[in-house]
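Chemist: Before anything else, here's the structure in question.
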Amino acid sequence: HPRVRQFPRYVPLAVTVMAAHLALLRQKVETYVHVMANGGYRSPAHQGFRQNEAHAWGTAVDLYRIGDDFLDSSETLNRYRDAIQKTLPGITVRPPSPNDDHLHLTLGRIALVPPSAAVPDL
């Protein structure tokens, strides 16, 4: 598919970095971490695809359940939001709204400079 060659080009890197963060979270909470259907990487073929959203870059996930706890109450959402922010300081967790049933986690944008690239001294 030609769109795969256009945007985004570095999704495998971002997905791997997000997976590593989720693995650390899983170790901390000592149970499963459940990502919503369509709550991770969203390809250009995804209905409602927006090129500039973090999901399109593979740097965002939506969690709906951690272990046996569904993230459907403000107490549970805030408890896990605090735990995630303490465990994964590089992750931003969107503050839950009153009707939320999931947590939205994002890494923002990830850039990789290959070792062979000429990078000016900072």
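Chain labels follow the order of the structure tokens: the first chain is A, the next B, and so on; residue numbering restarts at 1 in every chain, and ligands are counted from 1 in their shown order.
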Please tabulate, as JSON lines, the residues of region 50-92 of chain A that come within 10 Å of region 103-106 of chain A, each with its closest pair of atoms and the distance in Å to one decimal, counting only C-alpha atoms and ordering rows by chain, then residue number upward.
Modeler:
{"residue": "A:Ala54", "atom": "CA", "partner": "A:Thr106", "partner_atom": "CA", "distance": 6.9}
{"residue": "A:His55", "atom": "CA", "partner": "A:Thr106", "partner_atom": "CA", "distance": 8.4}
{"residue": "A:Gly58", "atom": "CA", "partner": "A:Thr106", "partner_atom": "CA", "distance": 9.0}
{"residue": "A:Thr59", "atom": "CA", "partner": "A:Thr106", "partner_atom": "CA", "distance": 5.6}
{"residue": "A:Ala60", "atom": "CA", "partner": "A:Thr106", "partner_atom": "CA", "distance": 4.2}
{"residue": "A:Val61", "atom": "CA", "partner": "A:Leu105", "partner_atom": "CA", "distance": 5.4}
{"residue": "A:Asp62", "atom": "CA", "partner": "A:His104", "partner_atom": "CA", "distance": 4.5}
{"residue": "A:Leu63", "atom": "CA", "partner": "A:Leu103", "partner_atom": "CA", "distance": 5.2}
{"residue": "A:Tyr64", "atom": "CA", "partner": "A:Leu103", "partner_atom": "CA", "distance": 6.6}
{"residue": "A:Arg65", "atom": "CA", "partner": "A:Leu103", "partner_atom": "CA", "distance": 8.9}
{"residue": "A:Leu71", "atom": "CA", "partner": "A:Leu103", "partner_atom": "CA", "distance": 7.4}
{"residue": "A:Asp72", "atom": "CA", "partner": "A:Leu103", "partner_atom": "CA", "distance": 9.6}
{"residue": "A:Leu77", "atom": "CA", "partner": "A:Leu103", "partner_atom": "CA", "distance": 6.9}
{"residue": "A:Asn78", "atom": "CA", "partner": "A:Leu103", "partner_atom": "CA", "distance": 9.2}
{"residue": "A:Tyr80", "atom": "CA", "partner": "A:Leu103", "partner_atom": "CA", "distance": 8.5}
{"residue": "A:Arg81", "atom": "CA", "partner": "A:Leu103", "partner_atom": "CA", "distance": 7.3}
{"residue": "A:Ile84", "atom": "CA", "partner": "A:Leu105", "partner_atom": "CA", "distance": 8.9}
{"residue": "A:Gln85", "atom": "CA", "partner": "A:Leu105", "partner_atom": "CA", "distance": 9.7}
{"residue": "A:Gly90", "atom": "CA", "partner": "A:Thr106", "partner_atom": "CA", "distance": 8.7}
{"residue": "A:Ile91", "atom": "CA", "partner": "A:Thr106", "partner_atom": "CA", "distance": 5.7}
{"residue": "A:Thr92", "atom": "CA", "partner": "A:Thr106", "partner_atom": "CA", "distance": 5.3}
Chemist: In Å, rounded to a single decimal, give me how far CA of Met18 (chain A) is from CA of Glu53 (chain A).
Modeler: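 Between these atoms lies a distance of 15.1 Å.
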Chemist: Per DSSP on the backbone, what are the strand (DSSP E or B) residues of region 25-121 of chain A, as number ranges by chain?
Modeler: A: 33-35, 60-66, 69-70, 92-93, 103-106
Chemist: Any chance you can output those residues with C-alpha atoms as a tab-separated table (two decimals), in the first residue's frame?
Modeler:
chain	number	residue	atom	x	y	z
A	33	VAL	CA	-2.59	-4.29	31.41
A	34	HIS	CA	-5.43	-4.24	28.87
A	35	VAL	CA	-5.31	-1.94	25.82
A	60	ALA	CA	-0.33	6.51	22.55
A	61	VAL	CA	-2.46	3.80	24.11
A	62	ASP	CA	-5.85	3.71	25.81
A	63	LEU	CA	-6.07	1.37	28.81
A	64	TYR	CA	-9.51	0.18	29.88
A	65	ARG	CA	-8.57	-2.40	32.48
A	66	ILE	CA	-5.65	-3.27	34.75
A	69	ASP	CA	-10.00	-3.50	37.78
A	70	PHE	CA	-12.04	-1.83	35.05
A	92	THR	CA	1.83	11.70	30.02
A	93	VAL	CA	-1.52	10.49	31.32
A	103	LEU	CA	-6.79	6.15	30.61
A	104	HIS	CA	-5.03	7.75	27.65
A	105	LEU	CA	-1.23	7.44	27.84
A	106	THR	CA	1.15	9.14	25.44
